[in-house]
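Contents: one structure, followed by commentary.
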Amino acid sequence: MKTIKVSVVTPDGPVYESDVEMVSTKAKTGELGILPGHVPMVAPLEIGVVRLKKDGKTEFVAVSGGFLEVRPEKVTVLAQSAEKAEDIDVERALKAKERAEQRMKQQKLEHIDFKRAELALRRAANRLNVAERKF
């Protein structure tokens, strides 16, 4: 089967690099499926999961938004943060989720930035969902 090179990159360096049969993820405009030979494009990504189909199996990478660039020979995901499912520290993600939930509850009492707390909650929940394959 035909494949395309995929790189998932963060400011800290590469997180994933391989040849895959298909890339699927959620962009701001909706779900995207990228196969070899896809038309070149750039799309902003939501906080979510990048699914990478390879050798009949699917690998998962949690991303906190970013951009997807499709070129004829390569797909690049540029994300502020990204983690492969097997690398996610579930305990740390649970603690981050609890902190974000508490901040959102305190927002009414204090001047806490609600949007920041909400994004932190979405990032933590995404990491947990990817680690547990619940999406």
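In the structure tokens, each chain is lettered A, B, ... as it comes, each chain's residues begin at 1, and ligands are numbered from 1 in order of appearance.
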
Residue set, segment 64-130 of chain A restricted to alpha helix (DSSP H), as a ChimeraX atom specification: /A:90-106,114-130

Just C-alpha atoms for this one: save the residues we selected as a PDB file, in the first residue's frame.
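again_5.pdb was written with the following content:
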ATOM      1  CA  VAL A  90      -2.114   9.609  33.046  1.00  0.00           C
ATOM      2  CA  GLU A  91      -1.620  10.604  36.691  1.00  0.00           C
ATOM      3  CA  ARG A  92      -0.191  13.979  35.670  1.00  0.00           C
ATOM      4  CA  ALA A  93      -3.055  14.519  33.194  1.00  0.00           C
ATOM      5  CA  LEU A  94      -5.618  13.696  35.900  1.00  0.00           C
ATOM      6  CA  LYS A  95      -4.040  16.244  38.234  1.00  0.00           C
ATOM      7  CA  ALA A  96      -4.049  18.882  35.481  1.00  0.00           C
ATOM      8  CA  LYS A  97      -7.724  18.152  34.812  1.00  0.00           C
ATOM      9  CA  GLU A  98      -8.599  18.511  38.505  1.00  0.00           C
ATOM     10  CA  ARG A  99      -6.668  21.809  38.760  1.00  0.00           C
ATOM     11  CA  ALA A 100      -8.463  23.196  35.712  1.00  0.00           C
ATOM     12  CA  GLU A 101     -11.864  22.168  37.065  1.00  0.00           C
ATOM     13  CA  GLN A 102     -11.102  23.865  40.400  1.00  0.00           C
ATOM     14  CA  ARG A 103      -9.989  27.048  38.632  1.00  0.00           C
ATOM     15  CA  MET A 104     -13.208  27.127  36.666  1.00  0.00           C
ATOM     16  CA  LYS A 105     -15.239  26.795  39.877  1.00  0.00           C
ATOM     17  CA  GLN A 106     -13.195  29.542  41.578  1.00  0.00           C
ATOM     18  CA  PHE A 114     -11.988  31.378  32.604  1.00  0.00           C
ATOM     19  CA  LYS A 115     -10.889  30.795  28.993  1.00  0.00           C
ATOM     20  CA  ARG A 116      -7.378  29.734  30.088  1.00  0.00           C
ATOM     21  CA  ALA A 117      -8.847  27.305  32.628  1.00  0.00           C
ATOM     22  CA  GLU A 118     -11.244  25.939  30.027  1.00  0.00           C
ATOM     23  CA  LEU A 119      -8.410  25.337  27.526  1.00  0.00           C
ATOM     24  CA  ALA A 120      -6.317  23.648  30.230  1.00  0.00           C
ATOM     25  CA  LEU A 121      -9.282  21.385  30.983  1.00  0.00           C
ATOM     26  CA  ARG A 122      -9.734  20.513  27.287  1.00  0.00           C
ATOM     27  CA  ARG A 123      -6.004  19.718  26.919  1.00  0.00           C
ATOM     28  CA  ALA A 124      -5.988  17.480  30.018  1.00  0.00           C
ATOM     29  CA  ALA A 125      -9.199  15.694  28.980  1.00  0.00           C
ATOM     30  CA  ASN A 126      -7.768  15.139  25.483  1.00  0.00           C
ATOM     31  CA  ARG A 127      -4.575  13.607  26.891  1.00  0.00           C
ATOM     32  CA  LEU A 128      -6.645  11.272  29.084  1.00  0.00           C
ATOM     33  CA  ASN A 129      -8.913  10.293  26.196  1.00  0.00           C
ATOM     34  CA  VAL A 130      -5.959   9.520  23.939  1.00  0.00           C
TER      35      VAL A 130
END

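For segment 51-59 of chain A, the list of residues within 6 Å, based on only C-alpha atoms and with local chain neighbours fewer than 4 positions off taken out, reads A:Val20, A:Glu21, A:Met22, A:Val23, A:Ser24.
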
Writing out the chosen residues with C-alpha atoms as a PDB file, in the first residue's frame:
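The resulting out-v4.pdb:
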ATOM      1  CA  VAL A  20       1.909   5.907   7.235  1.00  0.00           C
ATOM      2  CA  GLU A  21      -1.001   4.873   5.044  1.00  0.00           C
ATOM      3  CA  MET A  22      -3.422   7.517   6.355  1.00  0.00           C
ATOM      4  CA  VAL A  23      -3.551  10.504   8.701  1.00  0.00           C
ATOM      5  CA  SER A  24      -6.831  11.669  10.218  1.00  0.00           C
TER       6      SER A  24
END

Contacts of Val9 of chain A at 8 Å (only C-alpha atoms; same-chain gap of 3+ positions) as an MDAnalysis selection string: chainID A and resid 12:16 76:79 82

Using the selection just defined, write its residues with all heavy atoms as a PDB file, in the first residue's frame.
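Written file, again_7.pdb:
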ATOM      1  N   ASP A  12       9.769  21.659  21.247  1.00  0.00           N
ATOM      2  CA  ASP A  12      10.784  20.852  21.917  1.00  0.00           C
ATOM      3  C   ASP A  12      11.413  19.804  21.004  1.00  0.00           C
ATOM      4  O   ASP A  12      12.326  19.094  21.423  1.00  0.00           O
ATOM      5  CB  ASP A  12      10.189  20.158  23.147  1.00  0.00           C
ATOM      6  CG  ASP A  12       9.747  21.158  24.196  1.00  0.00           C
ATOM      7  OD1 ASP A  12      10.387  22.224  24.308  1.00  0.00           O
ATOM      8  OD2 ASP A  12       8.765  20.870  24.894  1.00  0.00           O
ATOM      9  N   GLY A  13      10.906  19.678  19.793  1.00  0.00           N
ATOM     10  CA  GLY A  13      11.472  18.717  18.861  1.00  0.00           C
ATOM     11  C   GLY A  13      10.441  17.754  18.315  1.00  0.00           C
ATOM     12  O   GLY A  13       9.247  17.850  18.609  1.00  0.00           O
ATOM     13  N   PRO A  14      10.890  16.789  17.512  1.00  0.00           N
ATOM     14  CA  PRO A  14       9.965  15.827  16.908  1.00  0.00           C
ATOM     15  C   PRO A  14       9.368  14.869  17.953  1.00  0.00           C
ATOM     16  O   PRO A  14      10.047  14.460  18.884  1.00  0.00           O
ATOM     17  CB  PRO A  14      10.823  15.064  15.909  1.00  0.00           C
ATOM     18  CG  PRO A  14      12.232  15.348  16.267  1.00  0.00           C
ATOM     19  CD  PRO A  14      12.264  16.591  17.086  1.00  0.00           C
ATOM     20  N   VAL A  15       8.091  14.559  17.766  1.00  0.00           N
ATOM     21  CA  VAL A  15       7.388  13.624  18.647  1.00  0.00           C
ATOM     22  C   VAL A  15       7.116  12.312  17.910  1.00  0.00           C
ATOM     23  O   VAL A  15       7.141  11.239  18.501  1.00  0.00           O
ATOM     24  CB  VAL A  15       6.056  14.250  19.130  1.00  0.00           C
ATOM     25  CG1 VAL A  15       5.204  13.251  19.882  1.00  0.00           C
ATOM     26  CG2 VAL A  15       6.329  15.474  19.990  1.00  0.00           C
ATOM     27  N   TYR A  16       6.871  12.412  16.609  1.00  0.00           N
ATOM     28  CA  TYR A  16       6.540  11.223  15.823  1.00  0.00           C
ATOM     29  C   TYR A  16       7.047  11.438  14.402  1.00  0.00           C
ATOM     30  O   TYR A  16       6.848  12.509  13.823  1.00  0.00           O
ATOM     31  CB  TYR A  16       5.022  11.021  15.804  1.00  0.00           C
ATOM     32  CG  TYR A  16       4.566   9.808  15.040  1.00  0.00           C
ATOM     33  CD1 TYR A  16       4.347   8.608  15.691  1.00  0.00           C
ATOM     34  CD2 TYR A  16       4.351   9.858  13.669  1.00  0.00           C
ATOM     35  CE1 TYR A  16       3.929   7.477  14.989  1.00  0.00           C
ATOM     36  CE2 TYR A  16       3.940   8.739  12.960  1.00  0.00           C
ATOM     37  CZ  TYR A  16       3.729   7.564  13.628  1.00  0.00           C
ATOM     38  OH  TYR A  16       3.322   6.446  12.934  1.00  0.00           O
ATOM     39  N   THR A  76       3.068  17.368   7.769  1.00  0.00           N
ATOM     40  CA  THR A  76       3.702  17.858   8.986  1.00  0.00           C
ATOM     41  C   THR A  76       2.631  18.423   9.907  1.00  0.00           C
ATOM     42  O   THR A  76       1.807  19.218   9.478  1.00  0.00           O
ATOM     43  CB  THR A  76       4.736  18.963   8.672  1.00  0.00           C
ATOM     44  OG1 THR A  76       5.689  18.448   7.744  1.00  0.00           O
ATOM     45  CG2 THR A  76       5.455  19.414   9.932  1.00  0.00           C
ATOM     46  N   VAL A  77       2.651  17.992  11.157  1.00  0.00           N
ATOM     47  CA  VAL A  77       1.780  18.553  12.187  1.00  0.00           C
ATOM     48  C   VAL A  77       2.672  19.400  13.085  1.00  0.00           C
ATOM     49  O   VAL A  77       3.619  18.884  13.689  1.00  0.00           O
ATOM     50  CB  VAL A  77       1.074  17.453  13.009  1.00  0.00           C
ATOM     51  CG1 VAL A  77       0.262  18.076  14.139  1.00  0.00           C
ATOM     52  CG2 VAL A  77       0.193  16.599  12.108  1.00  0.00           C
ATOM     53  N   LEU A  78       2.402  20.693  13.136  1.00  0.00           N
ATOM     54  CA  LEU A  78       3.128  21.619  14.001  1.00  0.00           C
ATOM     55  C   LEU A  78       2.219  21.918  15.178  1.00  0.00           C
ATOM     56  O   LEU A  78       1.173  22.535  15.010  1.00  0.00           O
ATOM     57  CB  LEU A  78       3.452  22.911  13.245  1.00  0.00           C
ATOM     58  CG  LEU A  78       4.240  22.730  11.951  1.00  0.00           C
ATOM     59  CD1 LEU A  78       4.210  24.005  11.136  1.00  0.00           C
ATOM     60  CD2 LEU A  78       5.660  22.342  12.277  1.00  0.00           C
ATOM     61  N   ALA A  79       2.607  21.474  16.367  1.00  0.00           N
ATOM     62  CA  ALA A  79       1.757  21.633  17.544  1.00  0.00           C
ATOM     63  C   ALA A  79       2.544  22.255  18.694  1.00  0.00           C
ATOM     64  O   ALA A  79       3.753  22.033  18.810  1.00  0.00           O
ATOM     65  CB  ALA A  79       1.208  20.276  17.983  1.00  0.00           C
ATOM     66  N   ALA A  82       2.538  17.892  21.973  1.00  0.00           N
ATOM     67  CA  ALA A  82       2.045  16.639  21.404  1.00  0.00           C
ATOM     68  C   ALA A  82       2.670  15.482  22.163  1.00  0.00           C
ATOM     69  O   ALA A  82       3.823  15.561  22.571  1.00  0.00           O
ATOM     70  CB  ALA A  82       2.388  16.548  19.921  1.00  0.00           C
TER      71      ALA A  82
END

Pick from A:Leu32, A:Val63, A:Val6, A:Leu68, whichever lies nearest to Gln80 of chain A using only C-alpha atoms: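 Nearest to Gln80 of chain A: A:Val63.
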
Could the residues of segment 57-119 of chain A that have an atom at most 6 Å from segment 38-46 of chain A be listed as JSON lines, each with its closest atom pair and the distance in Å to one decimal, counting only C-alpha atoms and ordered by chain and ascending residue number?
{"residue": "A:Gly65", "atom": "CA", "partner": "A:Glu46", "partner_atom": "CA", "distance": 4.6}
{"residue": "A:Gly66", "atom": "CA", "partner": "A:Leu45", "partner_atom": "CA", "distance": 5.2}
{"residue": "A:Phe67", "atom": "CA", "partner": "A:Pro44", "partner_atom": "CA", "distance": 4.4}
{"residue": "A:Leu68", "atom": "CA", "partner": "A:Ala43", "partner_atom": "CA", "distance": 5.2}
{"residue": "A:Glu69", "atom": "CA", "partner": "A:Val42", "partner_atom": "CA", "distance": 4.5}
{"residue": "A:Val70", "atom": "CA", "partner": "A:Pro40", "partner_atom": "CA", "distance": 4.9}
{"residue": "A:Arg71", "atom": "CA", "partner": "A:Pro40", "partner_atom": "CA", "distance": 4.7}
